[in-house]
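One structure is given below, encoded as structure tokens.
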Amino acid sequence: MFRHLGFGLLIALLIYGWSVDAQLSVSEKIGIAFPPPPEVAIARQNLESLAQATKTSLVEFNKANSEKLKYRSLNCLINMSADRFDSISKIKKLPINAHCLATMDKELQQLVEMQQVAIRLSQPPLRPQIQLGQKTDIHQPIDWMTATATFASKSGVAVLSSERGFTEGSALISYDIKENHTIAKLELIRGADVNKISLSPNGRVATVTAGKGFGGKEVIFLDTETGNILCRLEEMIGVQTWLPEISAAILKHNVNSTISIADFNTGKITPYQLDSEVQRWAVSLSDSPSHMLVGGDKGFYIVKNTRKKNTIESAILKSFDPKSQQYNAYDSPLSMMGGKAVIFTRDNFLVQYDLGDGKETRIETYPFLDNNFKKLDEERLLAKVRNSDELKVFNITDQTLSSINDATSKTGSISELVGRNGFMRKEYDQFWIGEELALGEPVALKTLFAEMQAEATLKQMEEKIKDQKEIGIFGIPIFDEPQPKLEMPMAVASGTESTSKAEIQKHTSSSVPLIKSTYFGIPLMPANVKVEFIGVNDAANTVSHEIPVMVEKSERPIILILSSCHTVNWKLTKKTGSRLLAIFQQISYVGQPFSSIQINNSDYSTSQMMRLSGCVIKKDTPEYRALNQEAIGWAGKSIEKFQSANAGIVFSVGN
């Protein structure tokens, strides 16, 4: 009896086992027989936990996962087929392509990881966006020194990085700007490039580029709320443009400098092509609708991206065919005017494109500015003065430059606010950000160019004079041996009348922006330059010998001649809006010690200081007429404002 009972139980178990197998599809059986590695299972668990915490439906994600599993199962069997009636144990004995299985498992893991990114991108901002004003402090953690910072465009979140070296890795934290505290310490990434960090608009996903053996690269996606790694994408070197409205992003390829589009819903990464041409950069213009500017080897385009179920379609709305010498396919532009214009930077100039009418405007910036512009807001750029650490603000609308008058700091560095409009400043252990900079009076870029060219002219004069040993240059020792007497230009003898009135009128009435100097044939002097003169016998203060000179705001650039019969200490103070172009120093005799010249509040170097023999304190003298002739040679016009005193107290110029 028990024998029959045992046999019946065995038959029942076999029937039950067969019935269970029969309820499974072939791909499900193969998936059980050859299960994915633990990494895929862990990624799946993380996805389900994240979906549960965020109340996100996995219906669409599960469809994509099932299709990937089915493709994996049916594609990796070697010349064999399985059917619904085959048991799992039988399928385990079938030959399978191990390499195919490993490749498919890697794709499956990437799909599940990218779906985690999709969930985070679909959420509202991690912290509300806030206005930064003129100064918002970032309180760094103890024993922390921020190397770089990246900010979310639509959330009050930042990611701060502290460089600790390649072997130890780069420490990253997510930071709540409003509450001034750390949100999470992100996973330590060895070999991370702290200069290649991007933050999603809602502040929930950060990416960092890291090395991956033998020169390879990968982009790592991190959850800024938990600090966990969400996803790793190989052969990519960073996010160029976030497209959260369609659950996607534009990535830059590590090897061929092209871009790809990553679809986080389906886990697909495909080269971004338009009209069968690969593209090299992308800049977001608007997120509703999803418009971006895309550039390739032949030109650039305004493109609309649309999600259609499991695909993303891109349609060209407008094409631009730029001039070859004004376009570089490998350099992405800066989006300005709320996405209505873009700025390309070239070696010696800027090119502005109006995306509405396609108008192309070339803006000359060389040699005054280095072409390393950073976006401050929709109309202004941070611009670096050439061969200097000084930054100015360049307004692309009226093409003016303004000095930065930041009273909160005289040292440290100021730079762009990466990720959103604004600036950030670091000074020792202090770090703050803002949107509003205190600026000086705007000056037209063309005017500054004219003044700069004039300074160059005066430097050429200086070198010419030094070579001919006609004038001792300020700052170079003058010895007691006799010096050659200064000869006036154009063979006009000292102490005689200068050139004719017609000749003077020819120079002073010029209407062109720059006029030619007659002094040694040096060209390019601003036509509106004003020559002012101050002459003293000595200083009224016999202790310090100091003579204050206030340089007031002026519409015209000023050339100032200082004359003293005895050694004095000129102290110049430049007020906001002053336009001091150059200084000439005139002394009584060749061996006289130089008078000191101090310049405070100088926006730029005013270094043209020359030694001219013979002091002047009276206007109706041969010495003055000779000096005036020299002024005509330098600036193409005579001295307009004459001030003098036997004992100098205080003077004002430029008003």
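Ordering of the structure tokens sets the chain letters (A, B, ...), residue numbers begin anew at 1 in every chain, and ligands are numbered from 1 in the order given.
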
* Asked: Counting only C-alpha atoms, what is within 8 Å of Gly211 of chain A, bar same-chain residues fewer than 3 positions away, as a list of chain:residue names?
  ->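 After dropping sequence-adjacent residues, the list is A:Gly191, A:Ala192, A:Gly215, A:Gly216, A:Lys217, A:Glu218.
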
File dump, residues just selected, N, CA and C atoms, as an mmCIF file, in the first residue's frame:
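What ended up in selection.cif:
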```cif
data_model
loop_
_atom_site.group_PDB
_atom_site.id
_atom_site.type_symbol
_atom_site.label_atom_id
_atom_site.label_comp_id
_atom_site.auth_asym_id
_atom_site.auth_seq_id
_atom_site.Cartn_x
_atom_site.Cartn_y
_atom_site.Cartn_z
ATOM 1 N N GLY A 191 39.951 58.524 -9.422
ATOM 2 C CA GLY A 191 40.291 59.004 -10.759
ATOM 3 C C GLY A 191 39.264 59.923 -11.355
ATOM 4 N N ALA A 192 38.369 60.488 -10.532
ATOM 5 C CA ALA A 192 37.328 61.374 -11.060
ATOM 6 C C ALA A 192 37.926 62.716 -11.461
ATOM 7 N N GLY A 215 43.437 54.181 -20.575
ATOM 8 C CA GLY A 215 43.007 55.409 -21.229
ATOM 9 C C GLY A 215 41.522 55.525 -21.470
ATOM 10 N N GLY A 216 40.741 54.544 -21.032
ATOM 11 C CA GLY A 216 39.300 54.602 -21.221
ATOM 12 C C GLY A 216 38.634 55.574 -20.259
ATOM 13 N N LYS A 217 37.402 55.919 -20.564
ATOM 14 C CA LYS A 217 36.634 56.835 -19.734
ATOM 15 C C LYS A 217 35.242 56.268 -19.499
ATOM 16 N N GLU A 218 34.608 56.729 -18.441
ATOM 17 C CA GLU A 218 33.213 56.406 -18.186
ATOM 18 C C GLU A 218 32.556 57.559 -17.454
#
```

* Asked: How far is it from atom CA of Glu235 of chain A to atom CA of Phe34 of chain A, in Å with one decimal?
  ->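 Answer for the atom CA of Glu235 of chain A to atom CA of Phe34 of chain A separation: 28.2 Å.
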
* **Shell of 7 Å around Glu640 of chain A, only C-alpha atoms, local chain residues under 3 positions omitted, as a PyMOL selection string** => chain A and resi 530-532

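Shortest atom-to-atom contact with Thr56 of chain A among A:Leu121, A:Leu458, A:Lys212, A:Leu77: A:Leu121, counting only C-alpha atoms.
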
With only C-alpha atoms as the counted atoms, please give the residues lying no more than 8 Å from Glu436 of chain A, apart from itself and same-chain residues fewer than 6 positions off, as a compact mmCIF listing (two decimals) with N, CA, C and O atoms, in the first residue's frame.
```
# COMPACT_ATOMS: atom_id res chain seq x y z
N GLY A 133 20.96 86.84 -5.16
CA GLY A 133 21.27 88.21 -4.79
C GLY A 133 22.73 88.54 -5.04
O GLY A 133 23.38 88.01 -5.94
N GLN A 134 23.28 89.42 -4.20
CA GLN A 134 24.67 89.84 -4.38
C GLN A 134 25.64 88.90 -3.68
O GLN A 134 26.78 88.75 -4.12
N LYS A 135 25.18 88.24 -2.60
CA LYS A 135 26.09 87.33 -1.89
C LYS A 135 25.31 86.30 -1.11
O LYS A 135 24.50 86.62 -0.25
N GLY A 422 25.02 83.42 -12.98
CA GLY A 422 25.58 83.98 -11.76
C GLY A 422 27.09 83.84 -11.72
O GLY A 422 27.74 83.54 -12.73
```
